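So this one's model-v5.csv, CSV, C-alpha atoms:
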chain,number,residue,atom,x,y,z
K,1080,MET,CA,87.4,130.7,119.9
K,1081,GLN,CA,90.3,130.2,122.3
K,1082,SER,CA,93.7,129.7,120.8
K,1083,GLY,CA,95.3,126.3,121.6
K,1084,SER,CA,98.8,127.8,121.9
K,1085,ASN,CA,97.8,129.7,125.0
K,1086,VAL,CA,99.1,126.9,127.3
K,1087,PHE,CA,102.6,127.1,125.7
K,1088,LEU,CA,102.4,130.9,125.1
K,1089,GLU,CA,101.5,131.8,128.6
K,1090,GLY,CA,104.2,129.5,130.0
K,1091,LEU,CA,106.8,131.2,127.7
K,1092,ARG,CA,105.6,134.7,128.8
K,1093,GLN,CA,106.2,133.9,132.4
K,1094,PHE,CA,109.8,132.9,131.9
K,1095,ALA,CA,110.9,134.9,128.8
K,1096,PRO,CA,112.5,138.3,129.2
K,1097,GLU,CA,110.3,141.3,128.5
K,1098,ALA,CA,112.5,142.3,125.6
K,1099,VAL,CA,111.5,139.3,123.6
K,1100,PRO,CA,108.9,140.3,120.9
K,1101,GLY,CA,105.5,138.7,120.9
K,1102,TRP,CA,105.9,137.2,117.4
K,1103,ALA,CA,109.0,135.3,118.6
K,1104,LEU,CA,107.0,133.9,121.5
K,1105,MET,CA,104.2,132.8,119.2
K,1106,LEU,CA,106.6,131.1,116.7
K,1107,THR,CA,108.3,129.3,119.6
K,1108,ALA,CA,104.9,128.2,121.0
K,1109,ALA,CA,103.9,126.9,117.5
K,1110,GLY,CA,107.2,125.1,117.2
K,1111,ILE,CA,106.7,123.4,120.6
K,1112,GLY,CA,103.2,122.3,119.5
K,1113,VAL,CA,104.5,120.9,116.2
K,1114,ALA,CA,107.3,119.0,118.0
K,1115,ILE,CA,104.8,117.6,120.5
K,1116,VAL,CA,102.5,116.3,117.8
K,1117,MET,CA,105.3,114.7,115.8
K,1118,GLY,CA,106.7,113.2,119.0
K,1119,LEU,CA,103.2,111.8,119.9
K,1120,VAL,CA,102.8,110.2,116.5
K,1121,SER,CA,106.3,108.7,116.6
K,1122,VAL,CA,106.0,107.3,120.2
K,1123,ASN,CA,102.5,106.0,119.4
K,1124,ALA,CA,103.8,104.1,116.4
K,1125,ILE,CA,106.7,102.6,118.4
K,1126,PHE,CA,104.5,101.5,121.2
K,1127,SER,CA,101.7,100.3,119.0
K,1128,VAL,CA,104.0,98.1,116.9
K,1129,TRP,CA,105.3,96.5,120.1
K,1130,LEU,CA,101.8,96.1,121.5
K,1131,GLU,CA,100.5,94.5,118.3
K,1132,ARG,CA,103.3,92.0,118.3
K,1133,LYS,CA,102.6,91.1,121.9
K,1134,VAL,CA,98.8,90.9,121.3
K,1135,SER,CA,99.2,88.7,118.2
K,1136,GLY,CA,101.7,86.5,120.0
K,1137,HIS,CA,99.5,85.8,123.0
K,1138,ILE,CA,96.5,85.2,120.8
K,1139,GLN,CA,98.6,82.6,118.9
K,1140,CYS,CA,99.8,81.1,122.2
K,1141,ARG,CA,103.4,82.5,122.0
K,1142,TYR,CA,105.3,85.3,123.7
K,1143,GLY,CA,106.0,87.7,120.8
K,1144,PRO,CA,109.3,89.7,121.0
K,1145,MET,CA,111.3,89.0,124.2
K,1146,TYR,CA,115.0,89.4,123.6
K,1147,VAL,CA,115.6,93.1,122.6
K,1148,GLY,CA,114.9,94.9,125.9
K,1149,TRP,CA,112.6,93.8,128.7
K,1150,HIS,CA,109.8,91.7,127.1
K,1151,GLY,CA,111.1,93.0,123.7
K,1152,TRP,CA,110.1,96.7,124.3
K,1153,LEU,CA,113.2,97.9,122.4
K,1154,GLN,CA,112.4,95.8,119.3
K,1155,SER,CA,110.4,98.6,117.7
K,1156,ILE,CA,113.2,101.1,118.3
K,1157,ALA,CA,115.6,98.7,116.7
K,1158,ASP,CA,113.3,98.4,113.7
K,1159,GLY,CA,113.1,102.1,113.4
K,1160,VAL,CA,116.9,102.4,113.3
K,1161,LYS,CA,116.9,99.8,110.6
K,1162,LEU,CA,114.4,101.6,108.5
K,1163,LEU,CA,116.4,104.9,108.9
K,1164,LEU,CA,119.5,103.2,107.6
K,1165,LYS,CA,117.9,101.1,104.9
K,1166,GLU,CA,118.3,102.2,101.3
K,1167,ASP,CA,115.5,104.3,99.9
K,1168,MET,CA,114.8,102.9,96.4
K,1169,ILE,CA,112.6,104.4,93.7
K,1170,PRO,CA,111.5,102.2,90.8
K,1171,ALA,CA,112.9,103.1,87.4
K,1172,GLY,CA,109.5,103.6,85.8
K,1173,ALA,CA,107.9,105.5,88.7
K,1174,ASP,CA,106.8,109.1,88.8
K,1175,ARG,CA,109.6,110.3,91.1
K,1176,ALA,CA,108.0,113.5,92.3
K,1177,MET,CA,104.6,111.9,93.1
K,1178,PHE,CA,106.3,108.8,94.5
K,1179,MET,CA,108.2,110.9,97.0
K,1180,LEU,CA,105.3,113.2,97.8
K,1181,ALA,CA,102.7,110.5,98.6
K,1182,PRO,CA,104.1,109.2,101.9
K,1183,ALA,CA,104.7,112.8,103.1
K,1184,LEU,CA,101.1,113.8,102.2
K,1185,VAL,CA,99.8,110.7,104.1
K,1186,LEU,CA,101.8,111.6,107.2
K,1187,ALA,CA,101.0,115.3,107.0
K,1188,SER,CA,97.3,114.7,106.8
K,1189,ILE,CA,97.2,112.7,110.0
K,1190,LEU,CA,99.5,115.3,111.7
K,1191,GLY,CA,96.9,117.9,110.8
K,1192,ALA,CA,94.1,115.8,112.2
K,1193,MET,CA,96.1,115.2,115.5
K,1194,ALA,CA,96.5,119.0,115.9
K,1195,ALA,CA,92.8,119.4,116.3
K,1196,PHE,CA,92.7,116.9,119.1
K,1197,PRO,CA,93.0,118.0,122.8
K,1198,LEU,CA,95.6,116.2,124.9
K,1199,MET,CA,94.0,117.3,128.2
K,1200,PRO,CA,90.9,119.5,129.0
K,1201,ASP,CA,93.1,122.7,128.9
K,1202,VAL,CA,96.1,121.4,126.8
K,1203,PHE,CA,95.3,121.6,123.1
K,1204,PHE,CA,96.8,122.9,119.9
K,1205,ALA,CA,93.6,124.3,118.3
K,1206,ASP,CA,90.3,124.5,120.2
K,1207,LEU,CA,88.1,124.4,117.1
K,1208,ASP,CA,84.3,124.7,117.3
K,1209,LEU,CA,84.2,122.3,114.3
K,1210,GLY,CA,86.9,120.0,115.8
K,1211,LEU,CA,85.3,116.7,114.8
K,1212,PHE,CA,84.7,118.1,111.3
K,1213,ALA,CA,88.3,119.1,111.0
K,1214,ILE,CA,89.6,115.7,112.1
K,1215,LEU,CA,87.4,113.8,109.6
K,1216,ALA,CA,88.4,116.3,106.8
K,1217,PHE,CA,92.2,115.9,107.5
K,1218,SER,CA,92.0,112.1,107.9
K,1219,SER,CA,90.2,111.7,104.6
K,1220,LEU,CA,93.2,113.3,102.8
K,1221,THR,CA,95.2,110.1,103.5
K,1222,THR,CA,93.3,108.5,100.7
K,1223,ILE,CA,94.7,111.0,98.2
K,1224,GLY,CA,98.2,110.0,99.3
K,1225,VAL,CA,97.5,106.3,99.0
K,1226,VAL,CA,96.1,106.7,95.5
K,1227,MET,CA,99.2,108.8,94.6
K,1228,ALA,CA,101.5,106.1,95.9
K,1229,GLY,CA,99.7,103.3,94.0
K,1230,TRP,CA,99.6,105.2,90.7
K,1231,ALA,CA,103.2,106.7,90.9
K,1232,SER,CA,104.8,103.3,91.6
K,1233,ASN,CA,104.0,102.0,88.1
K,1234,SER,CA,103.1,98.5,89.3
K,1235,LYS,CA,99.9,96.6,88.8
K,1236,TRP,CA,99.9,95.4,92.5
K,1237,THR,CA,100.1,99.0,93.7
K,1238,ILE,CA,97.4,100.2,91.4
K,1239,PHE,CA,95.0,97.5,92.5
K,1240,GLY,CA,95.7,98.4,96.1
K,1241,ALA,CA,95.2,102.1,95.5
K,1242,MET,CA,91.9,101.5,93.7
K,1243,ARG,CA,90.7,99.3,96.5
K,1244,GLU,CA,91.5,102.0,99.0
K,1245,ALA,CA,89.6,104.6,97.1
K,1246,ALA,CA,86.5,102.4,96.7
K,1247,GLN,CA,86.7,101.3,100.4
K,1248,VAL,CA,87.0,104.8,101.8
K,1249,VAL,CA,84.2,106.2,99.7
K,1250,ALA,CA,82.0,103.4,100.9
K,1251,TYR,CA,82.8,103.7,104.6
K,1252,GLU,CA,83.3,107.4,105.1
K,1253,ILE,CA,79.6,107.9,104.8
K,1254,PRO,CA,78.5,105.5,107.6
K,1255,LEU,CA,81.4,106.7,109.7
K,1256,GLY,CA,80.3,110.4,109.5
K,1257,VAL,CA,76.6,109.6,109.8
K,1258,ALA,CA,77.2,107.4,112.9
K,1259,LEU,CA,79.1,110.2,114.6
K,1260,LEU,CA,76.1,112.5,113.9
K,1261,VAL,CA,74.2,110.6,116.6
K,1262,PRO,CA,76.4,111.6,119.6
K,1263,VAL,CA,76.8,115.1,118.0
K,1264,MET,CA,73.0,115.5,118.1
K,1265,VAL,CA,73.0,114.5,121.8
K,1266,ALA,CA,75.9,116.8,122.6
K,1267,GLY,CA,74.8,119.7,120.4
K,1268,THR,CA,78.4,120.5,119.5
K,1269,PHE,CA,81.3,119.4,117.3
K,1270,ASN,CA,83.9,120.6,119.9
K,1271,LEU,CA,85.6,117.7,121.5
K,1272,ARG,CA,86.3,119.4,124.8
K,1273,GLU,CA,82.7,120.5,125.2
K,1274,ALA,CA,81.4,117.1,124.3
K,1275,SER,CA,83.6,115.5,126.9
K,1276,ALA,CA,82.6,118.0,129.6
K,1277,LEU,CA,78.9,117.2,129.0
K,1278,GLN,CA,79.5,113.6,130.1
K,1279,SER,CA,81.0,114.5,133.5
K,1280,GLY,CA,80.0,112.2,136.3
K,1281,MET,CA,81.5,109.9,138.9
K,1282,TRP,CA,80.6,106.5,137.5
K,1283,GLY,CA,79.9,107.3,133.8
K,1284,MET,CA,76.2,107.6,134.1
K,1285,ASP,CA,76.2,110.6,131.8
K,1286,TRP,CA,78.2,109.0,129.0
K,1287,PHE,CA,76.4,109.3,125.7
K,1288,VAL,CA,76.6,105.5,125.1
K,1289,MET,CA,74.4,104.8,128.1
K,1290,PRO,CA,71.0,103.7,126.9
K,1291,TRP,CA,69.0,106.0,129.2
K,1292,ASN,CA,70.6,109.1,127.6
K,1293,ASN,CA,69.7,108.0,124.0
K,1294,PRO,CA,69.2,104.4,123.1
K,1295,PHE,CA,70.4,104.9,119.5
K,1296,VAL,CA,74.0,105.9,120.5
K,1297,LEU,CA,75.1,102.4,121.4
K,1298,PRO,CA,74.2,100.9,117.9
K,1299,ALA,CA,75.8,104.0,116.4
K,1300,ALA,CA,79.0,103.2,118.4
K,1301,VAL,CA,79.1,99.7,116.9
K,1302,LEU,CA,78.6,101.1,113.4
K,1303,PHE,CA,81.4,103.6,114.0
K,1304,LEU,CA,83.7,100.8,115.1
K,1305,VAL,CA,83.1,98.8,111.9
K,1306,ALA,CA,83.5,101.9,109.7
K,1307,ALA,CA,86.7,103.0,111.6
K,1308,LEU,CA,88.2,99.6,110.9
K,1309,ALA,CA,87.6,100.1,107.2
K,1310,GLU,CA,88.7,103.7,107.3
K,1311,THR,CA,92.1,102.8,108.9
K,1312,LYS,CA,92.6,99.8,106.6
K,1313,ARG,CA,92.6,97.3,109.4
K,1314,ALA,CA,91.6,93.6,109.1
K,1315,PRO,CA,89.2,92.3,108.1
K,1316,PHE,CA,89.1,95.4,105.8
K,1317,ASP,CA,92.9,95.4,104.9
K,1318,LEU,CA,92.2,94.9,101.2
K,1319,PRO,CA,94.4,97.8,100.0
K,1320,GLU,CA,97.5,96.0,101.4
K,1321,ALA,CA,96.4,92.4,101.3
K,1322,GLU,CA,99.8,90.6,101.4
K,1323,SER,CA,98.3,87.2,100.3
K,1324,GLU,CA,96.8,88.8,97.2
K,1325,LEU,CA,98.7,92.0,96.3
K,1326,VAL,CA,102.2,91.4,97.9
K,1327,ALA,CA,101.9,94.6,99.9
K,1328,GLY,CA,99.3,96.5,97.9
K,1329,PHE,CA,100.0,100.2,97.5
K,1330,MET,CA,103.2,100.0,99.6
K,1331,THR,CA,104.8,97.3,97.4
K,1332,GLU,CA,107.5,99.5,95.9
K,1333,TYR,CA,108.4,101.5,99.0
K,1334,SER,CA,111.3,100.9,101.3
K,1335,GLY,CA,113.1,102.5,104.1
K,1336,ILE,CA,111.8,105.6,105.9
K,1337,ARG,CA,109.1,106.3,103.3
K,1338,TRP,CA,107.7,102.9,103.9
K,1339,SER,CA,107.6,103.6,107.6
K,1340,PHE,CA,105.5,106.8,107.0
K,1341,PHE,CA,102.6,104.7,105.9
K,1342,PHE,CA,102.8,102.6,109.1
K,1343,MET,CA,103.1,105.7,111.3
K,1344,GLU,CA,100.0,107.0,109.6
K,1345,GLU,CA,98.1,103.8,110.2
K,1346,TYR,CA,98.8,103.6,113.9
K,1347,ALA,CA,98.2,107.3,114.3
K,1348,ALA,CA,94.8,106.9,112.5
K,1349,MET,CA,94.0,104.0,114.9
K,1350,PHE,CA,94.8,106.3,117.8
K,1351,LEU,CA,92.8,109.1,116.4
K,1352,MET,CA,89.7,107.1,115.6
K,1353,SER,CA,89.8,105.4,119.0
K,1354,ALA,CA,90.2,108.7,120.7
K,1355,VAL,CA,87.2,110.3,118.8
K,1356,GLY,CA,85.1,107.3,119.7
K,1357,ALA,CA,86.2,107.6,123.4
K,1358,VAL,CA,85.2,111.3,123.4
K,1359,PHE,CA,81.8,111.1,121.6
K,1360,PHE,CA,80.6,107.7,123.0
K,1361,PHE,CA,82.5,106.8,126.2
K,1362,GLY,CA,82.9,110.0,128.3
K,1363,GLY,CA,86.2,111.4,126.9
K,1364,PHE,CA,88.2,112.8,129.8
K,1365,GLU,CA,85.6,111.9,132.4
K,1366,SER,CA,86.0,109.0,134.8
K,1367,PRO,CA,85.9,108.4,138.6
K,1368,LEU,CA,89.7,109.3,138.6
K,1369,THR,CA,89.0,112.6,136.9
K,1370,ALA,CA,86.0,113.4,139.2
K,1371,LEU,CA,88.2,112.6,142.3
K,1372,ALA,CA,91.0,114.8,141.0
K,1373,ALA,CA,88.5,117.6,140.4
K,1374,ARG,CA,87.4,117.5,144.0
K,1375,LEU,CA,91.0,117.8,145.2
K,1376,VAL,CA,91.8,121.1,143.4
K,1377,GLU,CA,90.1,124.4,143.9
K,1378,ASP,CA,90.1,125.4,140.2
K,1379,PRO,CA,90.5,122.7,137.5
K,1380,ARG,CA,91.4,125.3,134.8
K,1381,LEU,CA,95.1,125.3,133.7
K,1382,ILE,CA,94.9,128.8,132.5
K,1383,VAL,CA,93.1,131.4,134.6
K,1384,PRO,CA,92.7,135.2,134.4
K,1385,ALA,CA,95.3,137.1,136.2
K,1386,ALA,CA,94.6,140.1,138.5
K,1387,GLU,CA,96.2,142.6,136.0
K,1388,GLY,CA,94.0,141.5,133.2
K,1389,GLY,CA,96.3,138.9,131.5
K,1390,MET,CA,96.4,135.1,131.8
K,1391,ARG,CA,98.5,132.9,134.1
K,1392,LEU,CA,99.2,129.2,134.5
K,1393,ASN,CA,97.4,127.5,137.4
K,1394,LEU,CA,99.9,124.7,138.3
K,1395,GLY,CA,97.6,123.6,141.1
K,1396,SER,CA,95.3,122.1,138.5
K,1397,LEU,CA,97.9,119.7,137.1
K,1398,PRO,CA,96.6,116.7,139.1
K,1399,TYR,CA,93.2,117.1,137.4
K,1400,GLN,CA,94.7,117.7,134.0
K,1401,LEU,CA,96.9,114.7,134.2
K,1402,ALA,CA,94.1,112.5,135.5
K,1403,ALA,CA,91.9,113.6,132.6
K,1404,GLY,CA,94.7,113.0,130.0
K,1405,THR,CA,95.4,109.6,131.5
K,1406,THR,CA,91.8,108.6,131.4
K,1407,LEU,CA,91.5,109.5,127.7
K,1408,LEU,CA,94.7,107.7,126.9
K,1409,LEU,CA,93.5,104.5,128.6
K,1410,LYS,CA,90.2,104.6,126.8
K,1411,THR,CA,92.0,105.2,123.5
K,1412,PHE,CA,94.4,102.3,123.9
K,1413,ALA,CA,91.4,100.1,124.9
K,1414,GLY,CA,90.0,100.9,121.4
K,1415,ILE,CA,93.4,100.2,119.8
K,1416,PHE,CA,93.6,96.8,121.6
K,1417,LEU,CA,90.1,95.9,120.3
K,1418,MET,CA,91.2,96.7,116.7
K,1419,MET,CA,94.3,94.5,117.2
K,1420,TRP,CA,92.2,91.7,118.7
K,1421,LEU,CA,89.8,91.8,115.7
K,1422,ARG,CA,92.8,91.7,113.3
K,1423,TRP,CA,94.1,88.5,114.7
K,1424,THR,CA,90.7,86.9,115.1
K,1425,LEU,CA,88.7,87.6,111.9
K,1426,PRO,CA,89.6,86.5,108.3
K,1427,ARG,CA,89.8,89.0,105.5
K,1428,ILE,CA,86.6,89.4,103.6
K,1429,ARG,CA,86.2,89.8,99.8
K,1430,ILE,CA,86.1,93.2,98.1
K,1431,ASP,CA,82.5,92.7,97.0
K,1432,GLN,CA,81.5,91.8,100.5
K,1433,VAL,CA,83.3,95.0,101.7
K,1434,MET,CA,81.3,97.2,99.3
K,1435,THR,CA,78.0,95.4,100.0
K,1436,MET,CA,78.4,95.9,103.8
K,1437,GLY,CA,79.2,99.6,103.4
K,1438,TYR,CA,76.5,100.6,101.0
K,1439,LYS,CA,73.7,98.2,101.6
K,1440,TYR,CA,73.9,97.7,105.4
K,1441,LEU,CA,76.0,100.2,107.3
K,1442,THR,CA,74.8,103.3,105.6
K,1443,PRO,CA,71.0,102.6,106.0
K,1444,LEU,CA,71.5,101.5,109.6
K,1445,ALA,CA,73.5,104.7,110.4
K,1446,LEU,CA,70.7,106.8,108.8
K,1447,LEU,CA,68.1,104.9,110.9
K,1448,CYS,CA,70.1,105.7,114.0
K,1449,VAL,CA,70.2,109.4,113.2
K,1450,LEU,CA,66.5,109.4,112.6
K,1451,GLY,CA,65.7,107.6,115.8
K,1452,ALA,CA,68.1,109.7,117.8
K,1453,GLY,CA,66.5,112.9,116.4
K,1454,ILE,CA,63.0,111.7,117.3
K,1455,TRP,CA,64.2,110.7,120.8
K,1456,GLU,CA,65.9,114.1,121.4
K,1457,ALA,CA,62.8,116.0,120.1
K,1458,ILE,CA,60.5,114.1,122.5
K,1459,ARG,CA,62.9,114.4,125.4
K,1460,HIS,CA,63.3,118.2,125.0
K,1461,SER,CA,59.6,118.7,124.6
K,1462,TRP,CA,59.0,116.8,127.9
K,1463,LEU,CA,61.7,118.9,129.6
K,1464,ARG,CA,59.8,122.1,128.7
What do you get writing this file as structure tokens?
Amino acid sequence: MQSGSNVFLEGLRQFAPEAVPGWALMLTAAGIGVAIVMGLVSVNAIFSVWLERKVSGHIQCRYGPMYVGWHGWLQSIADGVKLLLKEDMIPAGADRAMFMLAPALVLASILGAMAAFPLMPDVFFADLDLGLFAILAFSSLTTIGVVMAGWASNSKWTIFGAMREAAQVVAYEIPLGVALLVPVMVAGTFNLREASALQSGMWGMDWFVMPWNNPFVLPAAVLFLVAALAETKRAPFDLPEAESELVAGFMTEYSGIRWSFFFMEEYAAMFLMSAVGAVFFFGGFESPLTALAARLVEDPRLIVPAAEGGMRLNLGSLPYQLAAGTTLLLKTFAGIFLMMWLRWTLPRIRIDQVMTMGYKYLTPLALLCVLGAGIWEAIRHSWLR
């Protein structure tokens, strides 16, 4: 398994004096990685809040924010400054330790999941063989933080929201994971970089979602989208924070920076689920732009073996790496836009309908997709022999 810190570590070794010990370089590389992950989550939240306001505005035939910056692009930054300066209040009857720990756990879990995600084909923090498994495991920890927040607030509204979140996630994590098994069976790997590389092609003919590769991947992608909406608490599955029923659900008693942690997690989870869907269904890093950039460089690897036995950075591959990263970013925000579009289009459904859809329809359909995909792959491989 290749360490994800190699990109930063090799760069530091090229410019650091020889007297600097190796452990110091490793700690510095790890610190750079943590700072990049935190910066990505923060910038994603700022941009996504602005984008959602513009999307909702245009769907409702209005402009959205316009006055703070060009087309209101500074509005999210102004809101962030307001939340930083806002008083952080804790209810008198709350469990203080659990109340303060819950938003930190929610944000930490999504940061851990982001660390297992590659930014570019050769720029990643942890190149895990079980990368998809790690992402799903980390992202499921947010439920514990939500339940802690609802219980610690000592409010009936927050407890109702927390219990809805627990029931909803239990119902939809099963079809979410089972639906992802279909492209995993086609790819034969949980590694995100390897799954993306298997879909290389000029015009997307090798994307897993294409029906001639496996006809059961497309319905699995639809099931994954529905389950991802419920997993990220997005409308029409926003029952844990239904403002028309529960004030603000599990977040009712939070204010200031702790309140913003929950929104940072929500938009980071949207980004992560959209990116996972892009990698395992829609080609990941692969696109005509990536294929063209690969033809323009001699070696698309960012880190290559050096003549003296070490490793060195291949700066000539940056056009390919940037093209691949841009491709995945565009696909990811296409998924985020779809989630926002559905939020401002569909009405919220009842909690009994949420449970019925998850257990009685999505889970059996996902299992049928796995069965069909397995039969298809067995027949295809027997013919190839």
Stretch 1309-1428 of chain K near stretch 1183-1207 of chain K within 8 Å: what's each residue's closest atom pair and its distance in Å to one decimal, counting all atoms listed in the file, ordered by chain then ascending residue number, as CSV?
residue,atom,partner,partner_atom,distance
K:Arg1337,CA,K:Ala1183,CA,7.9
K:Phe1340,CA,K:Leu1186,CA,6.1
K:Phe1341,CA,K:Val1185,CA,6.9
K:Met1343,CA,K:Leu1186,CA,7.3
K:Glu1344,CA,K:Leu1186,CA,5.5
K:Ala1347,CA,K:Ile1189,CA,7.0
K:Ala1348,CA,K:Ile1189,CA,6.8
K:Leu1351,CA,K:Met1193,CA,7.0
K:Phe1364,CA,K:Pro1200,CA,7.3
K:Arg1380,CA,K:Asp1201,CA,6.7
K:Leu1381,CA,K:Asp1201,CA,5.8
K:Ile1382,CA,K:Asp1201,CA,7.3
K:Gln1400,CA,K:Met1199,CA,5.9
K:Leu1401,CA,K:Met1199,CA,7.2
K:Ala1403,CA,K:Met1199,CA,6.1
K:Gly1404,CA,K:Met1199,CA,4.7
Considering only C-alpha atoms, return as an mmCIF file with C-alpha atoms, in the coordinates of the input whatever protein or nucleic-acid residues lie within 12 Å of stretch 1405-1411 of chain K, sequence-local ones (same chain, fewer than 3 positions apart) excluded.
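Saved file result00.cif follows:
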data_model
loop_
_atom_site.group_PDB
_atom_site.id
_atom_site.type_symbol
_atom_site.label_atom_id
_atom_site.label_comp_id
_atom_site.auth_asym_id
_atom_site.auth_seq_id
_atom_site.Cartn_x
_atom_site.Cartn_y
_atom_site.Cartn_z
ATOM 1 C CA LEU K 1119 103.200 111.800 119.900
ATOM 2 C CA ASN K 1123 102.500 106.000 119.400
ATOM 3 C CA SER K 1127 101.700 100.300 119.000
ATOM 4 C CA PHE K 1196 92.700 116.900 119.100
ATOM 5 C CA PRO K 1197 93.000 118.000 122.800
ATOM 6 C CA LEU K 1198 95.600 116.200 124.900
ATOM 7 C CA MET K 1199 94.000 117.300 128.200
ATOM 8 C CA PRO K 1200 90.900 119.500 129.000
ATOM 9 C CA LEU K 1271 85.600 117.700 121.500
ATOM 10 C CA ARG K 1272 86.300 119.400 124.800
ATOM 11 C CA SER K 1275 83.600 115.500 126.900
ATOM 12 C CA TYR K 1346 98.800 103.600 113.900
ATOM 13 C CA ALA K 1347 98.200 107.300 114.300
ATOM 14 C CA ALA K 1348 94.800 106.900 112.500
ATOM 15 C CA MET K 1349 94.000 104.000 114.900
ATOM 16 C CA PHE K 1350 94.800 106.300 117.800
ATOM 17 C CA LEU K 1351 92.800 109.100 116.400
ATOM 18 C CA MET K 1352 89.700 107.100 115.600
ATOM 19 C CA SER K 1353 89.800 105.400 119.000
ATOM 20 C CA ALA K 1354 90.200 108.700 120.700
ATOM 21 C CA VAL K 1355 87.200 110.300 118.800
ATOM 22 C CA GLY K 1356 85.100 107.300 119.700
ATOM 23 C CA ALA K 1357 86.200 107.600 123.400
ATOM 24 C CA VAL K 1358 85.200 111.300 123.400
ATOM 25 C CA PHE K 1359 81.800 111.100 121.600
ATOM 26 C CA PHE K 1360 80.600 107.700 123.000
ATOM 27 C CA PHE K 1361 82.500 106.800 126.200
ATOM 28 C CA GLY K 1362 82.900 110.000 128.300
ATOM 29 C CA GLY K 1363 86.200 111.400 126.900
ATOM 30 C CA PHE K 1364 88.200 112.800 129.800
ATOM 31 C CA GLU K 1365 85.600 111.900 132.400
ATOM 32 C CA SER K 1366 86.000 109.000 134.800
ATOM 33 C CA PRO K 1367 85.900 108.400 138.600
ATOM 34 C CA LEU K 1368 89.700 109.300 138.600
ATOM 35 C CA THR K 1369 89.000 112.600 136.900
ATOM 36 C CA ALA K 1370 86.000 113.400 139.200
ATOM 37 C CA ALA K 1372 91.000 114.800 141.000
ATOM 38 C CA LEU K 1397 97.900 119.700 137.100
ATOM 39 C CA PRO K 1398 96.600 116.700 139.100
ATOM 40 C CA TYR K 1399 93.200 117.100 137.400
ATOM 41 C CA GLN K 1400 94.700 117.700 134.000
ATOM 42 C CA LEU K 1401 96.900 114.700 134.200
ATOM 43 C CA ALA K 1402 94.100 112.500 135.500
ATOM 44 C CA GLY K 1414 90.000 100.900 121.400
ATOM 45 C CA ILE K 1415 93.400 100.200 119.800
ATOM 46 C CA PHE K 1416 93.600 96.800 121.600
ATOM 47 C CA LEU K 1417 90.100 95.900 120.300
ATOM 48 C CA MET K 1418 91.200 96.700 116.700
#
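Using only C-alpha atoms, the contacts of K:Pro1426 at a cut-off of 12 Å, with sequence neighbours closer than 6 positions omitted, comprise Arg1313, Ala1314, Pro1315, Phe1316, Asp1317, Leu1318, Ala1321, Ser1323 and Trp1420 of chain K.
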Excluding K:Leu1153 and residues on its chain fewer than 5 positions from it, collect all residues at most 9 Å away from it, counting only C-alpha atoms, and give them as an MDAnalysis selection string.
chainID K and resid 1125 1129 1146:1148 1158
Separation of atom CA of K:Gly1267 from atom CA of K:Thr1221 in Å:
28.2 Å
Can you pull out every residue within 12 Å of K:Leu1163, counting only C-alpha atoms, but drop anything in the same chain fewer than 4 positions away, and send it as a list in words?
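My reading of the contact set: Ile1156, Ala1157, Asp1158, Gly1159, Asp1167, Ser1334, Gly1335, Ile1336, Arg1337, Trp1338, Ser1339 and Phe1340 of chain K.
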If I take atom CA of K:Glu1252 and atom CA of K:Glu1310, how far is one from the other in Å, to one decimal?
6.9 Å
